[in-house]
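Chemist: Quick one: this structure, given as structure tokens, is what I'll be asking you about.
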Amino acid sequence: MAVKVKFFASMREYLNQSELDISVSGATTVAAVWQQVAGDKPMPENTVCAVNQTQAKPDFAVNDGDEVAFFPPVTGG
Amino acid sequence: MAVKVKFFASMREYLNQSELDISVSGATTVAAVWQQVAGDKPMPENTVCAVNQTQAKPDFAVNDGDEVAFFPPVTGG
Amino acid sequence: MAVTIYPDSFDPWQALQQHQDSRLQSGKFGATATFVGTMRDFNEGDDVQGMTLEHYPGMTESQLQLIIDEAAQQWPLEDSFIAHRVGPILPGEPIVLVACWSAHRAAAFDACRFLMEALKSKAPFWKKETLADNSQRWVEKNTDGYSHPPA
Amino acid sequence: MAVTIYPDSFDPWQALQQHQDSRLQSGKFGATATFVGTMRDFNEGDDVQGMTLEHYPGMTESQLQLIIDEAAQQWPLEDSFIAHRVGPILPGEPIVLVACWSAHRAAAFDACRFLMEALKSKAPFWKKETLADNSQRWVEKNTDGYSHPPA
């Protein structure tokens with residue numbers, strides 16, 4: 001299945017990736033998507049994950065066509 | 001001694017007076033100033049008194065040249 | 001720190017802009033909290049067609065300055081500003097503007113609300129409303145400025 | 001209820017005026033509480049010469065709309081408005097504007113502060129500062145929005 005993956009701010013710099021489409025076989029989770037893209041780079045402790053633009057935990061199930069995003073704590077305002 | 005007396009808002013209408021100069025003989029207080037001007041009209045319970053533009057109690061002593069004011073609770077803003 | 005009494009209609013956003021441009025140093029404040037009170041066309045269940053705002057010239061300004069000074073002692077403010085309308089006023093027109101500038105938002109929010117509550121309880125202004133049937137009445141007291149949990 | 005993302009510098013007081021004129025019904029609201037966050041030329045003890053504000057297009061707008069909806073459920077608001085800057089930004093330029101209109105001041109004050117705190121903790125924006133020596137750093141977390149008694 002196809003998953004769009006996005007990285008923002010310091011996470012984008014950490015992985016040197018901003019956006020990519022990946023192909024996943026079988027059931028997967030947010031954490032598995034991270035591992036597939038980041039390889040052996042661990043997910044920083046305070047990473048925020050989102051699936052389809054809604055915050056989600058690392059064990060959240062990802063479906064075909066989902067958009068999965070990883071970013072640091074927000075600092076707007 | 002000379003005292004300037006001012007009434008505002010509903011107090012002005014109650015006494016039909018807005019501002020007057022009165023002459024007082026001897027020691028006096030805010031309450032005595034009211035009585036001299038208002039006669040037998042009692043001071044309404046929630047009346048706010050001020051001497052020289054600072055809030056004061058009815059037993060506050062009034063001096064020559066003072067400005068004494070009476071008004072209802074404030075409703076600005 | 002400034003207090004302005006307007007005998008005629010004023011534009012609060014323009015007054016804010018002008019005050020900020022002339023009195024504040026760009027880059028030094030990070031937070032501006034403001035409050036604008038506007039005349040409604042209803043009050044206590046009745047339609048209101050106009051209002052007259054009376055004040056005590058001299059005492060009004062000094063009381064407003066006192067509460068501004070009190071806020072400046074209590075919070076780290078870059079500046080604060082109070083403007084208040086007096087005289088005849090129509091629904092939709094602004095009555096009061098309070099603004100506080102600070103490096104951080106907690107101080108700006110807290111001080112702005114403090115100024116507004118202090119103004120409502122201490123500054124000598126009085127409102128007389130003209131209702132739809134042309135009768136007039138003095139507003140007798142201000143409403144509470146804080147939310148309460150439902151009973 | 002509106003959310004605007006500005007890629008270029010915006011004038012918060014003018015945006016307020018325009019929003020109010022086009023969206024609010026004169027005479028129905030008595031209270032407008034606003035907050036403007038402005039870029040400072042210092043942060044955490046260092047001089048800052050510029051900043052870049054990154055956001056997550058799509059999620060940012062929907063998160064802001066969610067907190068606006070949450071405020072509208074919690075308080076009796078006539079309207080509310082959030083505007084936020086993105087892109088490169090200089091000291092003195094506004095970053096964020098939050099405004100709430102209500103019949104009474106308690107709701108306007110409470111909702112405005114709620115929106116600001118919710119925005120700071122939930123909306124995907126990130127700040128990268130450029131210091132005086134041209135080095136850059138990500139702002140790692142937002143400061144607390146409430147005053148605390150001194151220890």
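Just so we're on the same page: first chain in the structure tokens is A, next is B, and so on; residues restart at 1 for each chain, and ligands are numbered from 1 in the order they show up.
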Using 9 Å as the limit and counting only C-alpha atoms, can you tabulate each residue of chain D that touches chain C, with its shortest atom-to-atom distance in Å and the two atoms involved, as a tab-separated table?

Modeler:
```
residue	atom	partner	partner_atom	distance
D:Pro12	CA	C:Trp13	CA	8.9
D:Trp13	CA	C:Trp13	CA	5.2
D:Gln14	CA	C:Trp13	CA	7.1
D:Leu16	CA	C:Trp13	CA	7.6
D:Gln17	CA	C:Trp13	CA	6.8
D:Gln25	CA	C:Gly92	CA	8.5
D:Ser26	CA	C:Gly92	CA	4.7
D:Gly27	CA	C:Arg40	CA	4.2
D:Lys28	CA	C:Arg40	CA	5.5
D:Phe29	CA	C:Arg40	CA	6.1
D:Gly30	CA	C:Thr38	CA	4.5
D:Ala31	CA	C:Gly37	CA	4.7
D:Thr32	CA	C:Val36	CA	5.0
D:Ala33	CA	C:Phe35	CA	4.5
D:Thr34	CA	C:Thr34	CA	5.2
D:Phe35	CA	C:Ala33	CA	4.5
D:Val36	CA	C:Thr32	CA	5.0
D:Gly37	CA	C:Ala31	CA	4.8
D:Thr38	CA	C:Gly30	CA	4.5
D:Met39	CA	C:Gly30	CA	5.7
D:Arg40	CA	C:Gly27	CA	4.2
D:Asp41	CA	C:Gly27	CA	4.8
D:Phe42	CA	C:Lys28	CA	7.7
D:Leu90	CA	C:Gly27	CA	8.7
D:Pro91	CA	C:Gly27	CA	5.0
D:Gly92	CA	C:Gly27	CA	4.3
D:Glu93	CA	C:Gly27	CA	7.9
D:Pro94	CA	C:Gly30	CA	8.6
D:Ala103	CA	C:Arg40	CA	7.7
D:His104	CA	C:Gly145	CA	8.0
D:Arg105	CA	C:Gly145	CA	6.2
D:Ala106	CA	C:Tyr146	CA	4.9
D:Ala107	CA	C:Ser147	CA	6.9
D:Ala108	CA	C:Phe35	CA	8.7
D:Phe109	CA	C:Arg113	CA	7.5
D:Asp110	CA	C:Ser147	CA	8.1
D:Arg113	CA	C:Phe109	CA	7.5
D:Thr143	CA	C:His104	CA	8.7
D:Asp144	CA	C:Ala106	CA	7.9
D:Gly145	CA	C:Ala106	CA	5.0
D:Tyr146	CA	C:Ala106	CA	4.9
D:Ser147	CA	C:Ala106	CA	5.6
```

Chemist: Take the residues just selected and output them with N, CA and C atoms as a CSV table (one decimal), in the first residue's frame.

Modeler:
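The new file again.csv reads:
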```
chain,number,residue,atom,x,y,z
D,12,PRO,N,-2.1,43.8,12.4
D,12,PRO,CA,-3.2,43.1,13.2
D,12,PRO,C,-4.4,44.0,13.5
D,13,TRP,N,-4.1,45.3,13.7
D,13,TRP,CA,-5.3,46.2,14.0
D,13,TRP,C,-6.1,46.4,12.8
D,14,GLN,N,-5.5,46.5,11.7
D,14,GLN,CA,-6.3,46.6,10.4
D,14,GLN,C,-7.0,45.3,10.1
D,16,LEU,N,-8.1,43.2,12.3
D,16,LEU,CA,-9.2,43.2,13.3
D,16,LEU,C,-10.4,44.1,12.8
D,17,GLN,N,-10.1,45.3,12.4
D,17,GLN,CA,-11.1,46.2,11.9
D,17,GLN,C,-11.8,45.6,10.7
D,25,GLN,N,-22.1,42.0,13.7
D,25,GLN,CA,-23.3,42.8,13.6
D,25,GLN,C,-23.2,43.9,14.7
D,26,SER,N,-23.1,45.1,14.2
D,26,SER,CA,-23.0,46.3,15.2
D,26,SER,C,-24.1,46.3,16.2
D,27,GLY,N,-23.7,46.5,17.5
D,27,GLY,CA,-24.7,46.6,18.5
D,27,GLY,C,-24.9,45.2,19.3
D,28,LYS,N,-24.5,44.1,18.7
D,28,LYS,CA,-24.7,42.8,19.3
D,28,LYS,C,-23.6,42.4,20.2
D,29,PHE,N,-22.4,42.9,20.0
D,29,PHE,CA,-21.3,42.5,20.9
D,29,PHE,C,-20.9,43.7,21.8
D,30,GLY,N,-20.6,43.4,23.0
D,30,GLY,CA,-20.2,44.4,23.9
D,30,GLY,C,-18.8,44.3,24.3
D,31,ALA,N,-18.1,43.2,24.0
D,31,ALA,CA,-16.8,42.9,24.5
D,31,ALA,C,-15.9,42.3,23.4
D,32,THR,N,-14.8,42.8,23.2
D,32,THR,CA,-13.8,42.3,22.3
D,32,THR,C,-12.5,42.1,23.0
D,33,ALA,N,-12.0,40.9,23.2
D,33,ALA,CA,-10.7,40.7,23.8
D,33,ALA,C,-9.8,40.2,22.7
D,34,THR,N,-8.6,40.8,22.6
D,34,THR,CA,-7.6,40.4,21.6
D,34,THR,C,-6.2,40.2,22.2
D,35,PHE,N,-5.5,39.4,21.5
D,35,PHE,CA,-4.1,39.2,21.8
D,35,PHE,C,-3.2,39.3,20.5
D,36,VAL,N,-2.2,40.0,20.6
D,36,VAL,CA,-1.2,40.0,19.5
D,36,VAL,C,0.2,39.6,20.0
D,37,GLY,N,0.7,38.6,19.3
D,37,GLY,CA,2.1,38.2,19.6
D,37,GLY,C,3.0,38.8,18.6
D,38,THR,N,4.1,39.5,19.0
D,38,THR,CA,5.0,40.2,18.1
D,38,THR,C,6.4,39.6,18.3
D,39,MET,N,7.2,39.6,17.2
D,39,MET,CA,8.5,39.1,17.4
D,39,MET,C,9.4,40.0,18.1
D,40,ARG,N,10.1,39.5,19.2
D,40,ARG,CA,11.0,40.3,19.9
D,40,ARG,C,12.4,40.2,19.3
D,41,ASP,N,13.3,41.1,19.7
D,41,ASP,CA,14.7,41.1,19.2
D,41,ASP,C,15.6,40.4,20.2
D,42,PHE,N,15.0,39.7,21.2
D,42,PHE,CA,15.7,38.9,22.1
D,42,PHE,C,14.9,37.7,22.5
D,90,LEU,N,10.8,39.4,10.8
D,90,LEU,CA,11.8,40.3,11.5
D,90,LEU,C,11.3,40.8,12.8
D,91,PRO,N,12.2,41.1,13.7
D,91,PRO,CA,11.8,41.7,15.0
D,91,PRO,C,10.8,42.9,14.8
D,92,GLY,N,9.8,42.9,15.7
D,92,GLY,CA,8.8,44.0,15.6
D,92,GLY,C,7.6,43.6,14.7
D,93,GLU,N,7.7,42.6,13.9
D,93,GLU,CA,6.6,42.1,13.1
D,93,GLU,C,5.6,41.2,13.9
D,94,PRO,N,4.3,41.4,13.7
D,94,PRO,CA,3.4,40.6,14.4
D,94,PRO,C,3.4,39.1,13.9
D,103,ALA,N,-21.1,39.1,24.0
D,103,ALA,CA,-21.9,40.1,24.6
D,103,ALA,C,-21.3,40.7,25.8
D,104,HIS,N,-20.6,39.8,26.6
D,104,HIS,CA,-20.1,40.2,27.9
D,104,HIS,C,-18.6,39.9,28.0
D,105,ARG,N,-17.9,40.6,28.9
D,105,ARG,CA,-16.4,40.6,28.9
D,105,ARG,C,-15.8,39.3,29.4
D,106,ALA,N,-16.5,38.6,30.4
D,106,ALA,CA,-15.9,37.4,30.9
D,106,ALA,C,-15.6,36.4,29.8
D,107,ALA,N,-16.6,36.2,29.0
D,107,ALA,CA,-16.5,35.2,27.9
D,107,ALA,C,-15.4,35.6,26.9
D,108,ALA,N,-15.4,36.8,26.6
D,108,ALA,CA,-14.4,37.3,25.6
D,108,ALA,C,-13.0,37.1,26.2
D,109,PHE,N,-12.7,37.5,27.4
D,109,PHE,CA,-11.4,37.4,28.0
D,109,PHE,C,-11.0,35.9,28.1
D,110,ASP,N,-11.9,35.1,28.7
D,110,ASP,CA,-11.6,33.7,28.9
D,110,ASP,C,-11.3,33.0,27.6
D,113,ARG,N,-7.9,33.9,25.9
D,113,ARG,CA,-6.8,33.3,26.5
D,113,ARG,C,-6.7,31.8,26.2
D,143,THR,N,7.0,29.0,26.2
D,143,THR,CA,7.0,29.3,27.6
D,143,THR,C,5.6,29.1,28.1
D,144,ASP,N,5.5,29.0,29.4
D,144,ASP,CA,4.2,28.9,30.1
D,144,ASP,C,3.4,30.2,30.0
D,145,GLY,N,2.1,30.0,29.8
D,145,GLY,CA,1.3,31.2,29.5
D,145,GLY,C,0.6,31.8,30.8
D,146,TYR,N,1.0,31.2,31.9
D,146,TYR,CA,0.3,31.7,33.1
D,146,TYR,C,1.4,32.2,34.1
D,147,SER,N,1.0,33.2,34.9
D,147,SER,CA,1.9,33.7,35.9
D,147,SER,C,1.9,32.8,37.1
```

Chemist: Taking only C-alpha atoms into account and nothing else, which residues of chain A lie no more than 10 Å away from chain D? Please answer as a list in words.

Modeler: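 Listing them in order of chain and number gives Lys6, Phe7, Phe8, Ala9, Ser10, Val48, Ala50, Asn52, Gln53, Thr54, Gln55, Ala69, Phe71, Pro72, Pro73, Val74, Thr75, Gly76 and Gly77 of chain A.
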
Chemist: For the residues in the current selection, export N, CA and C atoms as an mmCIF file, in the first residue's frame.

Modeler:
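Saved file result29.cif follows:
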```cif
data_model
loop_
_atom_site.group_PDB
_atom_site.id
_atom_site.type_symbol
_atom_site.label_atom_id
_atom_site.label_comp_id
_atom_site.auth_asym_id
_atom_site.auth_seq_id
_atom_site.Cartn_x
_atom_site.Cartn_y
_atom_site.Cartn_z
ATOM 1 N N LYS A 6 5.674 12.791 5.834
ATOM 2 C CA LYS A 6 6.171 14.172 5.892
ATOM 3 C C LYS A 6 6.951 14.407 7.180
ATOM 4 N N PHE A 7 7.999 15.226 7.067
ATOM 5 C CA PHE A 7 8.790 15.603 8.237
ATOM 6 C C PHE A 7 8.870 17.116 8.303
ATOM 7 N N PHE A 8 8.759 17.661 9.501
ATOM 8 C CA PHE A 8 8.791 19.122 9.641
ATOM 9 C C PHE A 8 9.870 19.574 10.635
ATOM 10 N N ALA A 9 10.335 20.799 10.397
ATOM 11 C CA ALA A 9 11.215 21.513 11.340
ATOM 12 C C ALA A 9 12.474 20.694 11.643
ATOM 13 N N SER A 10 12.840 20.553 12.908
ATOM 14 C CA SER A 10 14.090 19.867 13.244
ATOM 15 C C SER A 10 14.063 18.400 12.799
ATOM 16 N N VAL A 48 6.333 14.240 17.783
ATOM 17 C CA VAL A 48 4.879 14.203 17.647
ATOM 18 C C VAL A 48 4.570 13.524 16.309
ATOM 19 N N ALA A 50 1.526 12.336 13.450
ATOM 20 C CA ALA A 50 0.160 12.617 13.015
ATOM 21 C C ALA A 50 -0.187 11.701 11.848
ATOM 22 N N ASN A 52 -3.012 11.509 8.848
ATOM 23 C CA ASN A 52 -4.038 12.318 8.177
ATOM 24 C C ASN A 52 -4.322 13.613 8.936
ATOM 25 N N GLN A 53 -3.240 14.234 9.390
ATOM 26 C CA GLN A 53 -3.294 15.565 10.018
ATOM 27 C C GLN A 53 -3.991 15.565 11.380
ATOM 28 N N THR A 54 -4.045 14.395 12.009
ATOM 29 C CA THR A 54 -4.535 14.321 13.384
ATOM 30 C C THR A 54 -3.484 13.587 14.206
ATOM 31 N N GLN A 55 -3.182 14.108 15.396
ATOM 32 C CA GLN A 55 -2.136 13.516 16.218
ATOM 33 C C GLN A 55 -2.435 12.039 16.490
ATOM 34 N N ALA A 69 2.875 12.028 9.442
ATOM 35 C CA ALA A 69 3.823 13.129 9.630
ATOM 36 C C ALA A 69 4.536 13.008 10.966
ATOM 37 N N PHE A 71 7.002 15.394 13.639
ATOM 38 C CA PHE A 71 7.550 16.737 13.909
ATOM 39 C C PHE A 71 7.841 16.915 15.393
ATOM 40 N N PRO A 72 8.650 17.925 15.725
ATOM 41 C CA PRO A 72 8.966 18.200 17.136
ATOM 42 C C PRO A 72 7.804 18.946 17.796
ATOM 43 N N PRO A 73 7.865 19.149 19.123
ATOM 44 C CA PRO A 73 6.829 19.936 19.809
ATOM 45 C C PRO A 73 6.623 21.281 19.118
ATOM 46 N N VAL A 74 5.369 21.716 19.044
ATOM 47 C CA VAL A 74 5.058 22.941 18.294
ATOM 48 C C VAL A 74 5.474 24.183 19.090
ATOM 49 N N THR A 75 5.852 25.248 18.352
ATOM 50 C CA THR A 75 6.345 26.455 19.019
ATOM 51 C C THR A 75 5.788 27.715 18.359
ATOM 52 N N GLY A 76 4.517 27.645 17.925
ATOM 53 C CA GLY A 76 3.937 28.828 17.293
ATOM 54 C C GLY A 76 3.426 29.845 18.300
ATOM 55 N N GLY A 77 2.728 30.843 17.758
ATOM 56 C CA GLY A 77 2.106 31.860 18.618
ATOM 57 C C GLY A 77 3.048 32.958 19.009
#
```

Chemist: As a VMD selection string, please: every residue in region 32-109 of chain C that a backbone DSSP assignment puts in strand (DSSP E or B).

Modeler: chain C and resid 32 to 38 42 to 43 46 to 55 77 to 85 87 to 89 94 to 102

Chemist: Produce a file of the selected residues containing C-alpha atoms, as a PDB file, in the first residue's frame.

Modeler:
```pdb
ATOM      1  CA  THR C  32      -0.163  42.869  23.497  1.00  0.00           C
ATOM      2  CA  ALA C  33      -3.435  42.103  25.246  1.00  0.00           C
ATOM      3  CA  THR C  34      -6.343  44.432  24.602  1.00  0.00           C
ATOM      4  CA  PHE C  35      -9.966  44.778  25.505  1.00  0.00           C
ATOM      5  CA  VAL C  36     -12.578  46.918  23.774  1.00  0.00           C
ATOM      6  CA  GLY C  37     -15.997  47.513  25.302  1.00  0.00           C
ATOM      7  CA  THR C  38     -18.656  48.468  22.758  1.00  0.00           C
ATOM      8  CA  PHE C  42     -29.741  45.702  24.377  1.00  0.00           C
ATOM      9  CA  ASN C  43     -29.227  45.526  28.140  1.00  0.00           C
ATOM     10  CA  ASP C  46     -34.469  45.735  26.963  1.00  0.00           C
ATOM     11  CA  ASP C  47     -33.697  47.384  23.640  1.00  0.00           C
ATOM     12  CA  VAL C  48     -31.452  50.403  24.101  1.00  0.00           C
ATOM     13  CA  GLN C  49     -31.294  53.181  21.510  1.00  0.00           C
ATOM     14  CA  GLY C  50     -28.638  55.390  23.083  1.00  0.00           C
ATOM     15  CA  MET C  51     -26.664  56.213  26.176  1.00  0.00           C
ATOM     16  CA  THR C  52     -24.976  59.134  27.897  1.00  0.00           C
ATOM     17  CA  LEU C  53     -21.702  58.598  29.686  1.00  0.00           C
ATOM     18  CA  GLU C  54     -21.074  61.044  32.520  1.00  0.00           C
ATOM     19  CA  HIS C  55     -17.743  61.333  34.307  1.00  0.00           C
ATOM     20  CA  LEU C  77       4.808  45.862  31.489  1.00  0.00           C
ATOM     21  CA  GLU C  78       6.429  47.781  28.669  1.00  0.00           C
ATOM     22  CA  ASP C  79       3.420  50.083  28.525  1.00  0.00           C
ATOM     23  CA  SER C  80      -0.309  50.325  29.062  1.00  0.00           C
ATOM     24  CA  PHE C  81      -3.070  52.505  27.703  1.00  0.00           C
ATOM     25  CA  ILE C  82      -6.648  53.271  28.730  1.00  0.00           C
ATOM     26  CA  ALA C  83      -9.086  55.222  26.552  1.00  0.00           C
ATOM     27  CA  HIS C  84     -12.670  55.909  27.569  1.00  0.00           C
ATOM     28  CA  ARG C  85     -15.543  57.604  25.829  1.00  0.00           C
ATOM     29  CA  GLY C  87     -20.923  62.053  26.351  1.00  0.00           C
ATOM     30  CA  PRO C  88     -23.769  60.821  24.131  1.00  0.00           C
ATOM     31  CA  ILE C  89     -23.066  57.474  22.511  1.00  0.00           C
ATOM     32  CA  PRO C  94     -16.709  51.848  21.360  1.00  0.00           C
ATOM     33  CA  ILE C  95     -16.874  52.830  25.035  1.00  0.00           C
ATOM     34  CA  VAL C  96     -13.553  51.723  26.436  1.00  0.00           C
ATOM     35  CA  LEU C  97     -10.176  50.458  25.284  1.00  0.00           C
ATOM     36  CA  VAL C  98      -7.573  48.884  27.562  1.00  0.00           C
ATOM     37  CA  ALA C  99      -4.213  47.663  26.250  1.00  0.00           C
ATOM     38  CA  CYS C 100      -1.098  46.212  27.888  1.00  0.00           C
ATOM     39  CA  TRP C 101       2.260  45.513  26.274  1.00  0.00           C
ATOM     40  CA  SER C 102       4.775  43.150  27.835  1.00  0.00           C
TER      41      SER C 102
END
```

Chemist: Apply DSSP to the structure's backbone, then extract all residues of chain B labelled alpha helix (DSSP H) and return them as a list in words.

Modeler: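 Selection result, alpha helix (DSSP H) within chain B: Ala9, Ser10, Met11, Arg12, Glu13, Tyr14, Leu15, Val30, Ala31, Ala32, Val33, Trp34, Gln35, Gln36, Val37 and Ala38 of chain B.
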
Chemist: Can I get the selected residues back with C-alpha atoms, as a short mmCIF file (atom, residue, chain, number, x, y, z; two decimals), in the first residue's frame?

Modeler:
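Contents of part_39.cif, as written:
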```cif
data_model
loop_
_atom_site.label_atom_id
_atom_site.label_comp_id
_atom_site.auth_asym_id
_atom_site.auth_seq_id
_atom_site.Cartn_x
_atom_site.Cartn_y
_atom_site.Cartn_z
CA ALA B 9 -25.30 61.17 37.88
CA SER B 10 -28.40 60.06 39.83
CA MET B 11 -27.18 62.02 42.87
CA ARG B 12 -27.21 65.20 40.81
CA GLU B 13 -30.79 64.50 39.81
CA TYR B 14 -31.80 63.49 43.34
CA LEU B 15 -30.70 66.87 44.74
CA VAL B 30 -18.38 64.84 54.67
CA ALA B 31 -21.69 63.85 56.28
CA ALA B 32 -22.19 67.36 57.67
CA VAL B 33 -21.54 68.84 54.22
CA TRP B 34 -24.22 66.55 52.78
CA GLN B 35 -26.70 67.65 55.45
CA GLN B 36 -25.97 71.33 54.90
CA VAL B 37 -26.71 71.00 51.18
CA ALA B 38 -29.36 68.26 51.14
#
```

Chemist: Take CA of Gly26 (chain A) and CA of Asn46 (chain A) and report the distance between them in Å, one decimal.

Modeler: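 Here the two named atoms are 27.6 Å from each other.
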
Chemist: Rounded to one decimal, what separation in Å do you get between CA of Asp64 (chain A) and CA of Leu66 (chain D)?

Modeler: 25.5 Å

Chemist: Could you check how far CA of Met43 (chain B) sits from CA of Lys57 (chain B), in Å to one decimal?

Modeler: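 Separation between CA of Met43 (chain B) and CA of Lys57 (chain B): 12.4 Å.
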
Chemist: Find the residues around Ala2 (chain A) up to 7 Å (only C-alpha atoms counted), leave out those fewer than 4 positions away in its own chain, and share them as a PyMOL selection string.

Modeler: chain A and resi 21-24+64-65

Chemist: Can those selected residues be exported to a file as a short mmCIF file (atom, residue, chain, number, x, y, z; two decimals), in the first residue's frame so that it contains N, CA, C and O atoms?

Modeler:
```
data_model
loop_
_atom_site.label_atom_id
_atom_site.label_comp_id
_atom_site.auth_asym_id
_atom_site.auth_seq_id
_atom_site.Cartn_x
_atom_site.Cartn_y
_atom_site.Cartn_z
N ASP A 21 6.93 9.51 -0.80
CA ASP A 21 5.89 8.48 -0.88
C ASP A 21 6.58 7.13 -0.75
O ASP A 21 7.57 6.87 -1.43
N ILE A 22 6.06 6.31 0.14
CA ILE A 22 6.66 4.99 0.29
C ILE A 22 5.62 3.91 0.01
O ILE A 22 4.42 4.17 0.04
N SER A 23 6.12 2.74 -0.21
CA SER A 23 5.25 1.60 -0.47
C SER A 23 5.48 0.60 0.66
O SER A 23 6.62 0.26 1.00
N VAL A 24 4.39 0.15 1.28
CA VAL A 24 4.49 -0.73 2.44
C VAL A 24 3.73 -2.02 2.12
O VAL A 24 2.65 -1.98 1.54
N ASP A 64 -3.77 2.27 3.59
CA ASP A 64 -3.39 2.67 2.24
C ASP A 64 -3.86 4.10 1.98
O ASP A 64 -5.01 4.45 2.26
N GLY A 65 -2.97 4.95 1.46
CA GLY A 65 -3.34 6.33 1.13
C GLY A 65 -3.19 7.31 2.28
O GLY A 65 -3.40 8.50 2.08
#
```
